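The structure file data-v1.txt is reproduced below (compact mmCIF, C-alpha atoms and all ligand atoms).
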# COMPACT_ATOMS: atom_id res chain seq x y z
CA MET A 1 -4.86 72.21 74.67
CA LYS A 2 -6.75 74.23 77.22
CA HIS A 3 -7.54 77.80 76.27
CA PRO A 4 -5.10 80.14 78.09
CA LEU A 5 -7.94 82.46 79.07
CA LYS A 6 -9.69 79.64 80.93
CA CYS A 7 -9.36 79.90 84.69
CA PRO A 8 -7.27 76.98 86.01
CA THR A 9 -9.39 76.92 89.18
CA CYS A 10 -13.00 77.12 88.01
CA GLY A 11 -12.81 76.92 84.18
CA ASP A 12 -14.58 80.22 83.53
CA TYR A 13 -13.08 82.52 80.89
CA ARG A 14 -10.93 85.18 82.53
CA TYR A 15 -10.79 88.92 81.76
CA ILE A 16 -7.65 90.94 81.05
CA GLU A 17 -7.15 94.06 83.15
CA TYR A 18 -4.22 96.39 83.82
CA GLU A 19 -3.35 96.90 87.48
CA GLY A 20 -0.61 98.81 89.28
CA VAL A 21 2.13 96.72 90.95
CA ARG A 22 4.92 98.12 93.17
CA PHE A 23 8.48 96.86 93.04
CA GLU A 24 10.37 98.26 96.00
CA ASP A 25 13.28 98.13 98.36
CA PRO A 26 11.44 98.83 101.63
CA GLU A 27 14.63 99.28 103.62
CA ASN A 28 15.78 102.25 101.56
CA LYS A 29 12.22 103.39 100.80
CA LYS A 30 12.71 103.38 97.05
CA GLY A 31 11.29 101.65 94.02
CA PHE A 32 8.85 102.00 91.17
CA GLY A 33 5.31 101.16 90.19
CA VAL A 34 4.21 99.73 86.86
CA LYS A 35 0.80 98.94 85.37
CA ILE A 36 0.78 95.39 84.12
CA PRO A 37 -1.87 93.16 82.51
CA PHE A 38 -3.45 90.39 84.58
CA PHE A 39 -5.74 87.50 83.76
CA ILE A 40 -8.57 87.95 86.25
CA CYS A 41 -11.34 85.47 86.97
CA LYS A 42 -14.51 87.27 88.01
CA GLN A 43 -16.11 83.98 88.96
CA CYS A 44 -13.66 82.77 91.63
CA GLY A 45 -11.14 85.60 92.02
CA GLN A 46 -8.15 83.72 90.57
CA ARG A 47 -5.55 86.11 89.11
CA GLU A 48 -2.29 85.73 87.28
CA SER A 49 0.16 88.02 85.49
CA VAL A 50 -0.12 87.73 81.71
CA LEU A 51 3.61 88.47 81.42
CA PRO A 52 6.41 86.33 82.93
CA ARG A 53 7.14 87.33 86.50
CA ASP A 54 10.88 86.69 86.28
CA ARG A 55 11.27 89.43 83.68
CA PHE A 56 9.90 91.92 86.21
CA LEU A 57 12.13 90.64 89.00
CA LYS A 58 15.21 90.77 86.79
CA PHE A 59 14.32 94.32 85.77
CA LYS A 60 13.83 95.27 89.40
CA ASP A 61 17.29 93.94 90.34
CA GLU A 62 18.88 95.92 87.51
CA MET A 63 16.88 99.06 88.22
CA LEU A 64 17.05 99.44 91.98
CA PRO A 65 20.75 100.39 92.30
CA SER A 66 20.22 103.38 90.02
CA ILE A 67 17.31 104.75 92.11
CA LYS A 68 18.15 107.20 94.89
CA ASP A 69 17.03 106.35 98.43
CA GLY A 70 13.60 107.74 99.18
CA GLU A 71 12.72 107.94 95.47
CA PHE A 72 9.63 106.32 93.99
CA PHE A 73 8.23 106.72 90.47
CA ASP A 74 5.91 105.27 87.84
CA MET A 75 7.61 103.11 85.23
CA PRO A 76 6.04 102.75 81.78
CA LEU A 77 5.58 99.09 80.91
CA LYS A 78 7.31 99.61 77.54
CA TYR A 79 10.68 100.05 79.35
CA ILE A 80 10.40 96.44 80.44
CA PHE A 81 8.63 95.04 77.35
CA SER A 82 9.45 97.27 74.41
CA LYS A 83 6.58 95.90 72.28
CA LEU A 84 3.99 96.95 74.88
CA ASP A 85 3.84 100.60 73.93
CA PRO A 86 0.28 102.00 74.05
CA ASP A 87 1.22 104.71 71.54
CA LYS A 88 2.53 102.35 68.89
CA ARG A 89 0.56 102.46 65.61
CA TYR A 90 0.29 99.82 62.92
CA LYS A 91 1.16 102.21 60.11
CA GLN A 92 -0.43 100.30 57.25
CA PHE A 93 -3.85 100.80 58.91
CA ASP A 94 -3.44 104.48 59.83
CA HIS A 95 -5.71 105.69 57.03
CA LEU A 96 -8.67 104.09 58.85
CA GLU A 97 -8.20 106.49 61.77
CA PHE A 98 -9.45 104.02 64.37
CA GLN A 99 -8.40 104.09 67.98
CA TYR A 100 -7.23 100.74 69.41
CA ASP A 101 -4.79 99.44 71.99
CA PRO A 102 -1.82 97.98 70.05
CA ARG A 103 -0.82 95.95 73.13
CA ASP A 104 -3.96 93.80 72.75
CA HIS A 105 -2.26 92.19 69.75
CA TYR A 106 0.45 90.82 72.09
CA ILE A 107 -1.38 90.08 75.32
CA ILE A 108 -4.64 88.50 74.12
CA PRO A 109 -3.91 84.78 73.55
CA GLY A 110 -3.82 83.63 69.95
CA LEU A 111 -3.59 87.00 68.18
CA TYR A 112 0.15 87.60 67.85
CA ARG A 113 1.84 86.75 64.57
CA GLU A 114 5.61 86.61 64.18
CA TRP A 115 5.57 89.23 61.44
CA ASP A 116 4.01 91.63 63.93
CA ASP A 117 1.64 93.34 61.53
CA GLY A 118 -1.17 94.05 63.97
CA TYR A 119 -3.78 92.50 61.66
CA LEU A 120 -5.48 90.73 64.54
CA THR A 121 -5.82 93.74 66.84
CA PRO A 122 -9.36 94.22 68.14
CA VAL A 123 -11.04 97.54 67.37
CA PHE A 124 -14.05 98.23 69.57
CA PHE A 125 -17.39 99.84 68.76
CA ASP A 126 -20.42 100.83 70.73
CA LYS A 127 -23.43 98.64 69.95
CA ASP A 128 -25.41 101.70 68.87
CA LEU A 129 -23.57 101.30 65.55
CA LEU A 130 -26.01 98.48 64.75
CA LEU A 131 -29.14 100.58 65.31
CA TYR A 132 -28.67 102.42 62.02
CA TYR A 133 -28.31 99.19 60.05
CA ASN A 134 -31.13 97.44 61.88
CA GLY A 135 -33.52 100.33 61.24
CA HIS A 136 -32.59 100.92 57.58
CA PRO A 137 -34.86 99.14 55.04
CA ASP A 138 -31.86 98.04 52.88
CA TYR A 139 -29.88 96.59 55.78
CA SER A 140 -30.42 94.07 58.53
CA VAL A 141 -28.45 92.75 61.47
CA LYS A 142 -28.36 89.03 62.20
CA PHE A 143 -27.06 87.65 65.46
CA THR A 144 -25.56 84.24 64.78
CA SER A 145 -25.10 83.82 68.55
CA PHE A 146 -25.29 86.04 71.65
CA SER A 147 -21.65 86.97 70.96
CA SER A 148 -21.40 87.30 67.17
CA CYS A 149 -23.35 89.15 64.49
CA THR A 150 -23.25 90.21 60.84
CA ILE A 151 -24.70 93.11 58.87
CA TYR A 152 -26.57 92.27 55.67
CA HIS A 153 -27.20 94.58 52.72
CA LYS A 154 -30.20 93.55 50.60
CA GLY A 155 -29.87 89.98 51.78
CA GLU A 156 -26.09 89.72 51.17
CA ARG A 157 -23.37 89.92 53.80
CA MET A 158 -22.02 93.44 53.89
CA PHE A 159 -18.54 92.24 54.97
CA GLU A 160 -16.75 88.93 54.69
CA TRP A 161 -16.48 88.69 58.49
CA GLY A 162 -18.95 89.81 61.11
CA PHE A 163 -18.46 91.22 64.59
CA GLY A 164 -17.64 89.70 67.93
CA ILE A 165 -19.61 90.91 70.94
CA ASN A 166 -17.66 90.86 74.20
CA ARG A 167 -18.94 90.29 77.71
CA TYR A 168 -19.30 94.01 78.31
CA GLY A 169 -21.63 94.20 75.30
CA LYS A 170 -19.14 95.97 73.00
CA LEU A 171 -18.69 95.05 69.36
CA PHE A 172 -15.26 94.37 67.93
CA LYS A 173 -13.63 93.54 64.62
CA TRP A 174 -10.01 92.89 63.65
CA LEU A 175 -8.05 95.89 62.44
CA GLY A 176 -6.86 94.04 59.32
CA ASP A 177 -10.39 92.92 58.41
CA LEU A 178 -11.61 96.50 58.76
CA ASP A 179 -8.96 97.55 56.27
CA ARG A 180 -10.43 95.12 53.73
CA ASP A 181 -14.01 96.04 54.65
CA PHE A 182 -13.52 99.68 53.81
CA GLU A 183 -11.66 99.34 50.54
CA GLY A 184 -13.37 101.36 47.85
CA GLU A 185 -14.85 104.82 47.58
CA GLU A 186 -18.43 103.63 48.11
CA MET A 187 -17.52 102.51 51.65
CA LYS A 188 -16.51 106.01 52.82
CA SER A 189 -19.83 106.85 54.45
CA HIS A 190 -19.86 103.54 56.31
CA LEU A 191 -16.32 104.14 57.53
CA LYS A 192 -17.43 107.50 58.98
CA ARG A 193 -20.25 105.75 60.81
CA PHE A 194 -17.86 103.18 62.23
CA GLN A 195 -15.38 105.87 63.28
CA ALA A 196 -18.13 107.72 65.15
CA SER A 197 -18.96 104.59 67.19
CA ASN A 198 -15.30 103.58 67.78
CA VAL A 199 -14.57 103.33 71.53
CA PRO A 200 -11.39 102.57 73.56
CA SER A 201 -10.34 98.98 74.12
CA ASP A 202 -11.42 97.19 77.29
CA HIS A 203 -9.17 94.22 76.34
CA GLU A 204 -12.18 91.88 76.45
CA ILE A 205 -12.83 89.63 73.45
CA VAL A 206 -14.33 86.42 74.86
CA SER A 207 -17.07 85.48 72.39
CA LYS A 208 -18.00 82.75 69.95
CA PHE A 209 -16.44 84.98 67.27
CA TYR A 210 -13.00 85.01 68.96
CA LEU A 211 -12.96 81.44 70.26
CA SER A 212 -13.92 79.87 66.95
CA GLN A 213 -11.35 81.96 65.03
CA ASN A 214 -8.54 81.41 67.54
CA PRO A 215 -9.21 77.92 68.83
CA PHE A 216 -6.91 76.14 71.25
CA SER A 217 -8.98 72.94 71.04
CA PRO A 218 -11.69 71.46 68.80
CA SER A 219 -14.34 72.45 71.35
CA ASP A 220 -13.28 76.10 71.00
CA ALA A 221 -13.52 75.85 67.22
CA PHE A 222 -16.91 74.21 66.95
CA GLN A 223 -19.42 75.88 69.15
CA ASP A 224 -23.15 75.62 68.81
CA SER A 225 -24.97 78.86 68.48
CA ASP A 226 -26.67 79.83 71.73
CA ASN A 227 -29.27 82.42 70.76
CA GLU A 228 -32.43 82.80 68.67
CA THR A 229 -30.64 81.36 65.61
CA ARG A 230 -30.30 78.06 67.45
CA LEU A 231 -33.79 78.32 68.90
CA PHE A 232 -35.34 78.73 65.43
CA ALA A 233 -33.31 75.79 64.10
CA LEU A 234 -34.40 73.55 66.98
CA LYS A 235 -38.03 74.53 66.58
CA ASN A 236 -37.76 73.64 62.92
CA ASP A 237 -36.25 70.23 63.77
CA PHE A 238 -39.03 69.68 66.26
CA ASN A 239 -41.72 70.42 63.67
CA ILE A 240 -40.10 68.03 61.19
CA GLU A 241 -39.95 65.23 63.77
CA ALA A 242 -43.56 65.78 64.78
CA LYS A 243 -44.60 65.60 61.16
CA GLN A 244 -42.72 62.33 60.69
CA LYS A 245 -44.18 60.79 63.85
CA PHE A 246 -47.76 62.01 63.74
CA GLY A 247 -48.26 63.18 60.15
CA VAL A 248 -49.39 66.67 61.14
CA GLU A 249 -48.11 70.21 60.90
CA LEU A 250 -47.78 71.66 64.39
CA THR A 251 -47.47 75.25 63.20
CA LYS A 252 -49.41 77.40 60.78
CA VAL A 253 -46.46 79.21 59.19
CA SER A 254 -42.97 77.74 58.80
CA ILE A 255 -40.52 79.01 61.37
CA GLU A 256 -37.89 79.55 58.66
CA GLN A 257 -40.16 82.06 56.95
CA LEU A 258 -40.93 83.90 60.16
CA SER A 259 -37.36 84.08 61.45
CA GLU A 260 -36.37 86.03 58.33
CA TYR A 261 -38.26 89.00 59.74
CA TYR A 262 -37.16 88.64 63.34
CA LYS A 263 -35.54 91.74 64.82
CA PRO A 264 -33.38 90.77 67.78
CA PRO A 265 -33.02 93.18 70.70
CA ILE A 266 -29.71 95.02 70.34
CA MET A 267 -29.44 97.39 73.26
CA GLU A 268 -30.48 97.37 76.88
CA GLU A 269 -33.66 99.13 75.91
CA ARG A 270 -37.06 98.02 77.21
CA GLU A 271 -39.24 98.79 74.19
CA GLN A 272 -36.91 96.89 71.82
CA ILE A 273 -36.69 93.88 74.09
CA PHE A 274 -40.42 93.63 74.73
CA ALA A 275 -41.08 94.04 71.01
CA SER A 276 -38.98 90.89 70.46
CA TYR A 277 -41.32 89.01 72.84
CA LEU A 278 -44.21 89.93 70.57
CA SER A 279 -42.41 88.24 67.66
CA LEU A 280 -41.32 85.20 69.65
CA ASN A 281 -44.81 84.78 71.02
CA LYS A 282 -46.19 84.93 67.50
CA TYR A 283 -43.74 82.27 66.25
CA PHE A 284 -43.92 79.87 69.16
CA ILE A 285 -47.40 80.24 70.65
CA GLU A 286 -49.89 81.96 68.33
CA ASN A 287 -48.45 79.87 65.52
CA LEU A 288 -49.48 76.58 67.19
CA GLN A 289 -51.88 74.62 64.99
CA GLU A 290 -54.44 73.70 67.64
CA GLN A 291 -56.56 71.61 65.30
CA SER A 292 -53.67 69.26 64.42
CA ILE A 293 -52.72 68.95 68.07
CA ARG A 294 -56.28 67.99 69.01
CA GLU A 295 -56.50 65.44 66.21
CA THR A 296 -53.23 63.85 67.30
CA LEU A 297 -54.36 63.72 70.91
CA LEU A 298 -57.67 62.08 69.96
CA LYS A 299 -55.66 59.37 68.21
CA CYS A 300 -53.64 58.96 71.41
CA GLY A 301 -56.87 58.10 73.27
CA LEU A 302 -57.92 61.45 74.68
CA THR A 303 -61.48 62.70 74.28
CA GLU A 304 -62.99 66.13 73.55
CA LYS A 305 -63.69 66.44 77.28
CA ASP A 306 -59.94 66.49 77.96
CA PHE A 307 -59.69 69.72 76.00
CA GLN A 308 -62.12 71.54 78.24
CA LYS A 309 -61.96 73.02 81.66
CA ASP A 310 -64.95 74.56 83.48
CA GLY A 311 -66.96 74.26 80.28
CA LYS A 312 -64.41 76.20 78.20
CA GLN A 313 -61.78 75.15 75.67
CA ILE A 314 -58.31 75.12 77.19
CA GLY A 315 -55.71 77.50 75.77
CA SER A 316 -53.10 76.52 73.20
CA LEU A 317 -50.28 76.17 75.72
CA LYS A 318 -52.30 73.85 77.94
CA LEU A 319 -53.11 71.88 74.82
CA PHE A 320 -49.43 71.74 73.92
CA ALA A 321 -48.68 70.46 77.46
CA LEU A 322 -51.15 67.62 76.84
CA PHE A 323 -49.34 66.91 73.57
CA ILE A 324 -46.02 66.67 75.43
CA ARG A 325 -47.56 64.26 77.91
CA HIS A 326 -49.70 62.01 75.75
CA ALA A 327 -48.13 62.20 72.30
CA LEU A 328 -44.46 62.68 73.15
CA LYS A 329 -44.78 60.65 76.38
CA LYS A 330 -42.81 63.06 78.57
CA GLU A 331 -43.93 63.18 82.16
CA ASN A 332 -43.03 66.58 83.56
CA GLU A 333 -45.01 68.47 80.93
CA ASP A 334 -45.88 71.46 83.13
CA GLU A 335 -42.25 72.08 83.96
CA ILE A 336 -41.17 71.59 80.34
CA VAL A 337 -43.70 74.02 78.95
CA SER A 338 -43.22 76.69 81.64
CA PRO A 339 -40.80 78.96 79.66
CA LEU A 340 -43.56 79.33 77.04
CA PHE A 341 -45.97 80.50 79.73
CA VAL A 342 -43.35 83.04 80.82
CA LEU A 343 -42.99 84.19 77.21
CA ASN A 344 -46.74 84.57 76.98
CA ASP A 345 -46.79 86.67 80.18
CA LEU A 346 -43.93 88.84 78.92
CA ARG A 347 -45.82 89.39 75.69
CA GLN A 348 -48.85 90.56 77.64
CA LEU A 349 -46.67 92.93 79.66
CA HIS A 350 -45.62 94.67 76.45
CA GLY A 351 -48.79 96.75 76.45
CA HIS A 352 -48.38 97.64 80.13
CA LEU A 353 -44.82 98.92 80.41
CA SER A 354 -45.88 101.96 82.42
CA ASP A 355 -48.62 100.36 84.54
CA THR A 356 -48.19 100.31 88.31
CA SER A 357 -48.61 96.55 88.31
CA PHE A 358 -45.78 96.12 85.78
CA GLU A 359 -42.93 95.64 88.26
CA LYS A 360 -44.75 92.99 90.23
CA ARG A 361 -45.77 90.99 87.18
CA TYR A 362 -42.33 91.36 85.62
CA ASN A 363 -40.66 90.13 88.80
CA TYR A 364 -42.87 87.06 88.76
CA CYS A 365 -41.57 86.30 85.24
CA LYS A 366 -37.99 86.77 86.45
CA GLU A 367 -38.63 84.52 89.41
CA ARG A 368 -39.87 81.68 87.18
CA LEU A 369 -36.72 82.03 85.06
CA GLY A 370 -34.62 81.70 88.21
CA LEU A 371 -33.51 85.35 88.05
CA SER A 372 -33.35 87.95 90.81
CA PRO A 373 -35.52 91.12 90.63
CA THR A 374 -32.35 93.11 89.75
CA ALA A 375 -31.79 91.19 86.49
CA THR A 376 -31.70 93.60 83.53
CA ASP A 377 -34.12 93.43 80.59
CA LEU A 378 -31.38 91.98 78.39
CA ASP A 379 -30.57 89.34 81.07
CA VAL A 380 -34.22 88.30 81.07
CA SER A 381 -34.32 88.12 77.29
CA LYS A 382 -31.15 86.00 77.04
CA ASN A 383 -32.26 83.74 79.85
CA LEU A 384 -35.65 83.17 78.28
CA VAL A 385 -34.07 82.24 74.94
CA THR A 386 -31.71 79.83 76.70
CA ARG A 387 -34.66 78.21 78.49
CA LEU A 388 -36.62 77.88 75.25
CA ILE A 389 -33.59 76.23 73.62
CA LEU A 390 -33.47 73.70 76.46
CA LEU A 391 -37.21 73.13 76.10
CA TYR A 392 -37.03 72.14 72.42
CA GLN A 393 -33.80 70.20 72.98
CA SER A 394 -35.65 68.08 75.52
CA LEU A 395 -38.52 67.42 73.10
CA ILE A 396 -36.61 66.25 70.08
CA ASP A 397 -35.05 62.81 69.73
CA LYS A 398 -32.43 63.76 67.20
CA LYS A 399 -29.40 64.81 69.26
CA ASP A 400 -26.72 65.14 66.61
CA ASP A 401 -26.19 68.72 65.51
ZN ZN B 501 -12.05 81.05 88.24

Starting from the coordinates I provided, produce the structure as structure tokens.
Ligand SMILES: [Zn+2]
Amino acid sequence: MKHPLKCPTCGDYRYIEYEGVRFEDPENKKGFGVKIPFFICKQCGQRESVLPRDRFLKFKDEMLPSIKDGEFFDMPLKYIFSKLDPDKRYKQFDHLEFQYDPRDHYIIPGLYREWDDGYLTPVFFDKDLLLYYNGHPDYSVKFTSFSSCTIYHKGERMFEWGFGINRYGKLFKWLGDLDRDFEGEEMKSHLKRFQASNVPSDHEIVSKFYLSQNPFSPSDAFQDSDNETRLFALKNDFNIEAKQKFGVELTKVSIEQLSEYYKPPIMEEREQIFASYLSLNKYFIENLQEQSIRETLLKCGLTEKDFQKDGKQIGSLKLFALFIRHALKKENEDEIVSPLFVLNDLRQLHGHLSDTSFEKRYNYCKERLGLSPTATDLDVSKNLVTRLILLYQSLIDKKDD
């Protein structure tokens, strides 16, 4: 079954937004307006009422005779659909004191349960909630994909379930899960922190977290990770394959060890994002074992002269490009390796964030990633990770995940 949020025209996931609609009798200049939820595709503009249209038309027919000519007013949606009352509270969760939109439980596909307990109602949080846990020595935040994450306490998951991250960059968790999360006196201080970052619903929940928990098809349920977690796993696979094929270690330190310490960028904040390039550069470029690469290339028929240009040794990325060409036998090595050159340039920009030349050099990085100069720092970071994933995917033979 196709996911109901998927746009029937272009296949992109749609958003849910409330918009005013007028139901009127133009002849007698009377009627009413009501705010109703729509599925809206931001990709192609397709839109569709979440609720059945005939219910509105039936209501209009019943309502109009009782309205005086010339009269026009706003009608609360709950008069037409009694369950869609924005002030309704799920009483059993009141002690948590979170704000949420109870209607989300009914209008977001896959959440409603017959017993109507509101368990699967999304509660939204600002991402700044994670900064405390990411900065604290006893806690860490791990992003399992660009749209899901978990908080760890001394290496153990702090909660059974993590967070979803929606397309507006907000975090969310289910109301019922939060109830379980904050059982116990020792959780009081955490609850306060969560309450302080609690923000109103924007009705947006499209994320790996939501789709895998509320699947409408096997492809919804089983999604590959798409962020650094996947990148580290692929790099690891690549190293293992290279070892099997050529009998050498391509990196100095195992990527599994390094990724333990990786701090992913959380907010749209330049310093944080550029700091992550320092780590990625360390793992993927500085970590290259040049000696093993040279030895392998010599066995492939290259000579010491091939490792030099203008009397100097070529850099590790150029060497890696030779490895792609002559050891892995891939032809478009310069194109394949290009995201690593961009990473290297971004790493160098880290020390020059306030230089006058920064903008120009940064734009050149964006250009090579296929991004416009207006792309945000977080866009650049995500795009780079996606490109690096594709790079290692293209280098490994093993395709089953
Ligand atoms: Zn569309």

Near-ligand residues for ligand ZN 501 (chain B), threshold 10 Å, all atoms listed in the file, as a CSV table (one decimal) with C-alpha atoms, in the frame of the given file:
chain,number,residue,atom,x,y,z
A,6,LYS,CA,-9.7,79.6,80.9
A,7,CYS,CA,-9.4,79.9,84.7
A,8,PRO,CA,-7.3,77.0,86.0
A,9,THR,CA,-9.4,76.9,89.2
A,10,CYS,CA,-13.0,77.1,88.0
A,11,GLY,CA,-12.8,76.9,84.2
A,12,ASP,CA,-14.6,80.2,83.5
A,13,TYR,CA,-13.1,82.5,80.9
A,14,ARG,CA,-10.9,85.2,82.5
A,40,ILE,CA,-8.6,88.0,86.2
A,41,CYS,CA,-11.3,85.5,87.0
A,42,LYS,CA,-14.5,87.3,88.0
A,43,GLN,CA,-16.1,84.0,89.0
A,44,CYS,CA,-13.7,82.8,91.6
A,45,GLY,CA,-11.1,85.6,92.0
A,46,GLN,CA,-8.2,83.7,90.6
A,47,ARG,CA,-5.6,86.1,89.1

Exercise. Tell me, as a PyMOL selection string, which residues lie within 9 Å of Arg270 in chain A, counting all atoms listed in the file; anything in the same chain fewer than 6 positions away does not count.
Key: chain A and resi 353+377-378

Self-check item: Polymer residues at most 6 Å from range 198-210 of chain A, all atoms listed in the file, same-chain spacing of 3 or more positions, as JSON, numbers by chain
Solution: {"A": [16, 100, 101, 124, 125, 147, 148, 164, 166, 195, 213, 214]}

Self-check item: Polymer residues at most 10 Å from Leu51 in chain A, only C-alpha atoms, same-chain spacing of 2 or more positions, as JSON, numbers by chain
Solution: {"A": [36, 37, 38, 39, 48, 49, 53, 54, 55, 56, 81, 107]}

Trp174 in chain A surroundings by all atoms listed in the file, 7 Å radius, close-in-sequence under 5 positions cut, as a compact mmCIF listing (two decimals) with C-alpha atoms, in the frame of the given file:
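So part-v6.txt came out as:
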# COMPACT_ATOMS: atom_id res chain seq x y z
CA TYR A 119 -3.78 92.50 61.66
CA LEU A 120 -5.48 90.73 64.54
CA THR A 121 -5.82 93.74 66.84
CA PRO A 122 -9.36 94.22 68.14
CA VAL A 123 -11.04 97.54 67.37

Exercise. Would you work out the distance separating CA of Ile336 in chain A from CA of Arg361 in chain A, expressed in Å to one decimal?
Key: 21.1 Å

Practice problem: Tell me which protein, DNA and RNA residues are within 8 Å of Val141 in chain A, counting all atoms listed in the file, leaving out same-chain ones fewer than 3 positions away, and put them as a list in words. | Solution: Leu130, Tyr133, Asn134, Cys149, Thr150, Ile151, Tyr152 and Lys263 of chain A

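Atom pair CA of Gly184 in chain A / CA of Asp116 in chain A: separated by 25.6 Å.
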
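Here the question is which of A:Lys91, A:Arg230, A:Lys83, A:Arg294 gets nearest to Ser316 in chain A using all atoms listed in the file, and that residue is A:Arg294.
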
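The two atoms in question, CA of Arg347 in chain A and CA of Asn281 in chain A, are spaced 6.6 Å apart.
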
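Residue nearest Phe323 in chain A, chosen from A:Phe163, A:Phe246, A:Tyr364, A:Tyr168 and counting all atoms listed in the file: A:Phe246.
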
Self-check item: Residue with smallest distance to Lys245 in chain A - pool A:Gly301, A:Leu319, A:Trp161, A:Leu328, counting only C-alpha atoms
Solution: A:Leu328

Self-check item: Nearest candidate to Arg157 in chain A (options A:Asp220, A:Asp138, A:Glu295, A:Glu24; using all atoms listed in the file)
Solution: A:Asp138

N, CA and C atoms restored at range 44-62 of chain A, emitted as a PDB file, keeping the file's coordinate frame:
ATOM      1  N   CYS A  44     -14.227  83.297  90.373  1.00  0.00           N
ATOM      2  CA  CYS A  44     -13.660  82.770  91.630  1.00  0.00           C
ATOM      3  C   CYS A  44     -12.550  83.645  92.189  1.00  0.00           C
ATOM      4  N   GLY A  45     -12.154  84.699  91.481  1.00  0.00           N
ATOM      5  CA  GLY A  45     -11.140  85.600  92.020  1.00  0.00           C
ATOM      6  C   GLY A  45      -9.705  85.240  91.665  1.00  0.00           C
ATOM      7  N   GLN A  46      -9.510  84.122  90.965  1.00  0.00           N
ATOM      8  CA  GLN A  46      -8.150  83.720  90.570  1.00  0.00           C
ATOM      9  C   GLN A  46      -7.525  84.819  89.730  1.00  0.00           C
ATOM     10  N   ARG A  47      -6.229  85.089  89.910  1.00  0.00           N
ATOM     11  CA  ARG A  47      -5.550  86.110  89.110  1.00  0.00           C
ATOM     12  C   ARG A  47      -4.127  85.690  88.835  1.00  0.00           C
ATOM     13  N   GLU A  48      -3.604  86.165  87.717  1.00  0.00           N
ATOM     14  CA  GLU A  48      -2.290  85.730  87.280  1.00  0.00           C
ATOM     15  C   GLU A  48      -1.738  86.752  86.301  1.00  0.00           C
ATOM     16  N   SER A  49      -0.447  87.064  86.419  1.00  0.00           N
ATOM     17  CA  SER A  49       0.160  88.020  85.490  1.00  0.00           C
ATOM     18  C   SER A  49       0.174  87.408  84.085  1.00  0.00           C
ATOM     19  N   VAL A  50      -0.185  88.205  83.091  1.00  0.00           N
ATOM     20  CA  VAL A  50      -0.120  87.730  81.710  1.00  0.00           C
ATOM     21  C   VAL A  50       1.341  87.545  81.303  1.00  0.00           C
ATOM     22  N   LEU A  51       2.199  88.448  81.818  1.00  0.00           N
ATOM     23  CA  LEU A  51       3.610  88.470  81.420  1.00  0.00           C
ATOM     24  C   LEU A  51       4.451  87.703  82.441  1.00  0.00           C
ATOM     25  N   PRO A  52       5.604  87.146  81.995  1.00  0.00           N
ATOM     26  CA  PRO A  52       6.410  86.330  82.930  1.00  0.00           C
ATOM     27  C   PRO A  52       6.970  87.158  84.086  1.00  0.00           C
ATOM     28  N   ARG A  53       6.761  86.635  85.276  1.00  0.00           N
ATOM     29  CA  ARG A  53       7.140  87.330  86.500  1.00  0.00           C
ATOM     30  C   ARG A  53       8.654  87.547  86.600  1.00  0.00           C
ATOM     31  N   ASP A  54       9.421  86.561  86.113  1.00  0.00           N
ATOM     32  CA  ASP A  54      10.880  86.690  86.280  1.00  0.00           C
ATOM     33  C   ASP A  54      11.469  87.871  85.509  1.00  0.00           C
ATOM     34  N   ARG A  55      10.786  88.248  84.410  1.00  0.00           N
ATOM     35  CA  ARG A  55      11.270  89.430  83.680  1.00  0.00           C
ATOM     36  C   ARG A  55      11.165  90.681  84.553  1.00  0.00           C
ATOM     37  N   PHE A  56      10.091  90.768  85.330  1.00  0.00           N
ATOM     38  CA  PHE A  56       9.900  91.920  86.210  1.00  0.00           C
ATOM     39  C   PHE A  56      10.933  91.914  87.334  1.00  0.00           C
ATOM     40  N   LEU A  57      11.191  90.730  87.877  1.00  0.00           N
ATOM     41  CA  LEU A  57      12.130  90.640  89.000  1.00  0.00           C
ATOM     42  C   LEU A  57      13.550  90.965  88.547  1.00  0.00           C
ATOM     43  N   LYS A  58      13.890  90.489  87.343  1.00  0.00           N
ATOM     44  CA  LYS A  58      15.210  90.770  86.790  1.00  0.00           C
ATOM     45  C   LYS A  58      15.367  92.280  86.559  1.00  0.00           C
ATOM     46  N   PHE A  59      14.315  92.881  86.035  1.00  0.00           N
ATOM     47  CA  PHE A  59      14.320  94.320  85.770  1.00  0.00           C
ATOM     48  C   PHE A  59      14.471  95.095  87.086  1.00  0.00           C
ATOM     49  N   LYS A  60      13.766  94.614  88.088  1.00  0.00           N
ATOM     50  CA  LYS A  60      13.830  95.270  89.400  1.00  0.00           C
ATOM     51  C   LYS A  60      15.265  95.244  89.937  1.00  0.00           C
ATOM     52  N   ASP A  61      15.922  94.073  89.841  1.00  0.00           N
ATOM     53  CA  ASP A  61      17.290  93.940  90.340  1.00  0.00           C
ATOM     54  C   ASP A  61      18.244  94.880  89.607  1.00  0.00           C
ATOM     55  N   GLU A  62      18.009  95.037  88.293  1.00  0.00           N
ATOM     56  CA  GLU A  62      18.880  95.920  87.510  1.00  0.00           C
ATOM     57  C   GLU A  62      18.606  97.392  87.819  1.00  0.00           C
TER      58      GLU A  62
END
